[in-house]
Structure formats: structure tokens, C-alpha cells
Amino acid sequence: MHFCIRDDDTSFFTSPDELERAYGDITVHGPVSLAIIPFCRAGTSRGLPKESRDRWTVHPLEDNPALVSYLRNAIAAGKYEAMLHGYYHDEPGNRREFLDGVELERKVREGKAYLENLLDTAIRVFVPPHNAIGKEGLKAITNAGLHLGGVAGMRHGWPLLSPASLAIWWRLRRRRQNGLDGLPYILNVAGHRELAGTAITPRAVLRRSLERFDEAVGLDGVFCAATHYWEFEAPTGDPEAKTVGDHLRKLVHRARVDSTVHWMSVGAVLDEGLHIP
Ligand SMILES: [Zn+2]
């Protein structure tokens, strides 16, 4: 079974200390895949510091040289993987950049090249801001040779008439009818692959995450924990994992004690393309 961790919203506004506090002790054991915003626009996202919200100014990652140097070193050491997380991330009027936005081909191409140059790495995965992507966005990432962190779905860009996407759609529907949430395998959709994440947020419950984890182990499938470093201290109301950080650390422990679990980056899991239905 494959285990990976996806963390969203690293940007100009992130400090190396914040990432180190969240992941310093985790990346000793395995990689964390960071979805990074190349040109963060300071809009309404909760990942932004409160005092910077609603300014709508644009902040290239390179304007935070301490973070760039921290990321370059940690990526070279195999602690982090860089993934592309939109272009500006925030759009005025609550529009979702890769569902309602324009010039997506250019933004994917430029954002990918920018991060690859700046961080001296190769990018294999796109994570859409707000987990929202549509037909044009999917086309743009497929043309750039990227996979999707997340699942687009039939209403959001899968080719409607393709037997492969219909088969996947049918299979997901059957899972839901059987009361199974989460998705313990990779999807192979027209020209790219998609990997669902299990959201580790304040509303998530550890017992349910562990159920999904065990299902993935049983199927020799995939479990991807999707979280935010900026929310690690947030309380959950779950006595089994009192904060988001506790929740993730307990999953990491579960992954470490099981010798059948292979902990990889999100890109490596998608590149291997195992467990395609
Ligand atoms: Zn985000």
C-alpha cells in the first residue's frame, strides 16, 4: 500500500519556521508533498495571515528568499516535493481560479516553469486552489504533462463520452451507494492521473481516517492525507486527536508501524501509476 502526504498553501507568506514546526519531525521518516502558490494574491484565503488578507496584492515566491533557500535545500534532501497550487490562488469575487478563471494554459505553463527554476526541481502534480477545477483547467494541466492532486469528476472536465471516464464514474457511484467514502486507488483519466486526498482538517475524525487507511491497506491501494500546515494547532473536538496536527501524526505513526506501507511523495505515487482500475 502507498501512503503520501499533501499539504496545501505554501506561498510567499509562509515562513520556514512554520513548515519546520509542522513537518520537521515528520520528514525525518518520509516525504511531504507541498502544493506551492507561485504568485500568491493576498485575497480571502484562510491560509493567509489575517493582516494580509483582502489587499489583493501579488507576491512572487522569490520575494521570500529565506523560504526559497529552505525549500531548495529540503527538496534536494528529499524531504519535500514541490507541486503547483494554482497561479495566484485567490480571485476577486470568490471566483475559483481553475474553474472560473482565464488563460489557464499560460498560467500552468508559467507557474510550473517558475517553480521549477526557482526551486531547482521537477514538478509532476497540480493541486487546484479550493479543490476546484473544470474542463479548461484539466486540459491545461494535461497539456503540461501534470497529474491532478484531487478528483475532477464528470461535471468538472472528465470527457463525457469516453468509456474510461464513464467506467470510473460508475465505479465511484457504486462505492458511494455502498457507504464507502474516500478513494483508495489512483484514477486514470484521459491523459493524466488523479489521486483523491483524505482531508485532515478540524472537522475530520481520526477513526474515519483510520477506516479509510485500513481499507487502502487491505486493497494494496493508496492513502493520501491532505492537510494544511497553517491549521495544525486548530482544535478538532475529536477526543482521539485533539488538533489537526495530532490527527496527522497519528496517521504517520500508523503508516510507520506497518511494514506493508510504502511512504512516497504524491508525484511518485502518481508516476508509478499503480492500482489503476
Ligand atoms: Zn489552497
# chains A, B, ... in the order shown; residues from 1 in each chain; ligands from 1
call {"tool": "closest_atom_pairs", "arguments": {"of": "segment 17-72 of chain A", "to": "segment 101-108 of chain A", "cutoff": "12 Å", "atoms": "only C-alpha atoms", "output": "CSV"}}
result
residue,atom,partner,partner_atom,distance
A:Ile37,CA,A:Val108,CA,11.2
A:Pro38,CA,A:Lys107,CA,9.9
A:Phe39,CA,A:Lys107,CA,10.1
call {"tool": "residues_near_ligand", "arguments": {"ligand": "ligand 1", "cutoff": "12 Å", "atoms": "only C-alpha atoms and all ligand atoms", "output": "VMD selection string"}}
result
chain A and resid 6 to 11 34 to 38 40 to 48 83 to 91 96 to 98 126 to 132 149 226 to 230
call {"tool": "residues_around", "arguments": {"residues": "Glu81 of chain A", "least_positions_apart": "3", "cutoff": "7 Å", "atoms": "only C-alpha atoms", "output": "list in words"}}
result
Val32, Ser33, Leu34, Ile75 and Ser265 of chain A
call {"tool": "atom_distance", "arguments": {"atom1": "atom CA of Leu166 of chain A", "atom2": "atom CA of Gly273 of chain A"}}
result
19.5 Å
call {"tool": "closest_residue", "arguments": {"among": "A:Thr121, A:Thr201, A:Thr142, A:Asn178", "to": "Gly78 of chain A", "atoms": "only C-alpha atoms"}}
result
A:Thr121
call {"tool": "select_by_dssp", "arguments": {"residues": "segment 13-194 of chain A", "states": "helix (DSSP H, G or I)", "output": "PyMOL selection string"}}
result
chain A and resi 16-23+50-52+61-63+65-76+92-94+97-100+104-119+129-131+135-143+154-156+163-177
call {"tool": "decode", "arguments": {"residues": "segment 151-163 of chain A", "atoms": "N, CA, C and O atoms", "output": "PDB file, in the first residue's frame"}}
result
ATOM      1  N   VAL A 151      -9.718  14.993  -7.325  1.00  0.00           N
ATOM      2  CA  VAL A 151     -10.526  14.306  -8.335  1.00  0.00           C
ATOM      3  C   VAL A 151     -11.437  15.335  -8.985  1.00  0.00           C
ATOM      4  O   VAL A 151     -12.165  16.048  -8.291  1.00  0.00           O
ATOM      5  N   ALA A 152     -11.391  15.427 -10.327  1.00  0.00           N
ATOM      6  CA  ALA A 152     -12.187  16.439 -11.036  1.00  0.00           C
ATOM      7  C   ALA A 152     -13.653  16.020 -11.105  1.00  0.00           C
ATOM      8  O   ALA A 152     -14.546  16.749 -10.698  1.00  0.00           O
ATOM      9  N   GLY A 153     -13.928  14.831 -11.627  1.00  0.00           N
ATOM     10  CA  GLY A 153     -15.307  14.349 -11.718  1.00  0.00           C
ATOM     11  C   GLY A 153     -15.956  14.673 -13.038  1.00  0.00           C
ATOM     12  O   GLY A 153     -15.448  15.472 -13.826  1.00  0.00           O
ATOM     13  N   MET A 154     -17.089  14.040 -13.260  1.00  0.00           N
ATOM     14  CA  MET A 154     -17.765  14.113 -14.548  1.00  0.00           C
ATOM     15  C   MET A 154     -18.257  15.524 -14.853  1.00  0.00           C
ATOM     16  O   MET A 154     -18.218  15.989 -15.974  1.00  0.00           O
ATOM     17  N   ARG A 155     -18.737  16.231 -13.831  1.00  0.00           N
ATOM     18  CA  ARG A 155     -19.273  17.571 -14.083  1.00  0.00           C
ATOM     19  C   ARG A 155     -18.160  18.603 -14.245  1.00  0.00           C
ATOM     20  O   ARG A 155     -18.410  19.745 -14.603  1.00  0.00           O
ATOM     21  N   HIS A 156     -16.932  18.200 -13.925  1.00  0.00           N
ATOM     22  CA  HIS A 156     -15.837  19.170 -13.928  1.00  0.00           C
ATOM     23  C   HIS A 156     -14.688  18.762 -14.824  1.00  0.00           C
ATOM     24  O   HIS A 156     -13.536  18.833 -14.433  1.00  0.00           O
ATOM     25  N   GLY A 157     -15.011  18.283 -16.019  1.00  0.00           N
ATOM     26  CA  GLY A 157     -13.945  18.170 -17.003  1.00  0.00           C
ATOM     27  C   GLY A 157     -13.609  16.790 -17.512  1.00  0.00           C
ATOM     28  O   GLY A 157     -12.882  16.667 -18.481  1.00  0.00           O
ATOM     29  N   TRP A 158     -14.109  15.715 -16.861  1.00  0.00           N
ATOM     30  CA  TRP A 158     -13.837  14.411 -17.440  1.00  0.00           C
ATOM     31  C   TRP A 158     -14.551  14.321 -18.791  1.00  0.00           C
ATOM     32  O   TRP A 158     -15.671  14.820 -18.936  1.00  0.00           O
ATOM     33  N   PRO A 159     -13.918  13.666 -19.781  1.00  0.00           N
ATOM     34  CA  PRO A 159     -14.576  13.552 -21.093  1.00  0.00           C
ATOM     35  C   PRO A 159     -15.863  12.748 -20.978  1.00  0.00           C
ATOM     36  O   PRO A 159     -15.855  11.581 -20.600  1.00  0.00           O
ATOM     37  N   LEU A 160     -16.979  13.397 -21.302  1.00  0.00           N
ATOM     38  CA  LEU A 160     -18.302  12.814 -21.059  1.00  0.00           C
ATOM     39  C   LEU A 160     -18.552  11.525 -21.824  1.00  0.00           C
ATOM     40  O   LEU A 160     -19.230  10.634 -21.348  1.00  0.00           O
ATOM     41  N   LEU A 161     -18.008  11.459 -23.041  1.00  0.00           N
ATOM     42  CA  LEU A 161     -18.365  10.322 -23.883  1.00  0.00           C
ATOM     43  C   LEU A 161     -17.315   9.216 -23.851  1.00  0.00           C
ATOM     44  O   LEU A 161     -17.446   8.224 -24.545  1.00  0.00           O
ATOM     45  N   SER A 162     -16.291   9.378 -23.020  1.00  0.00           N
ATOM     46  CA  SER A 162     -15.251   8.357 -23.026  1.00  0.00           C
ATOM     47  C   SER A 162     -15.659   7.162 -22.159  1.00  0.00           C
ATOM     48  O   SER A 162     -16.098   7.333 -21.021  1.00  0.00           O
ATOM     49  N   PRO A 163     -15.546   5.940 -22.700  1.00  0.00           N
ATOM     50  CA  PRO A 163     -15.912   4.752 -21.917  1.00  0.00           C
ATOM     51  C   PRO A 163     -15.094   4.665 -20.625  1.00  0.00           C
ATOM     52  O   PRO A 163     -15.612   4.253 -19.600  1.00  0.00           O
TER      53      PRO A 163
END
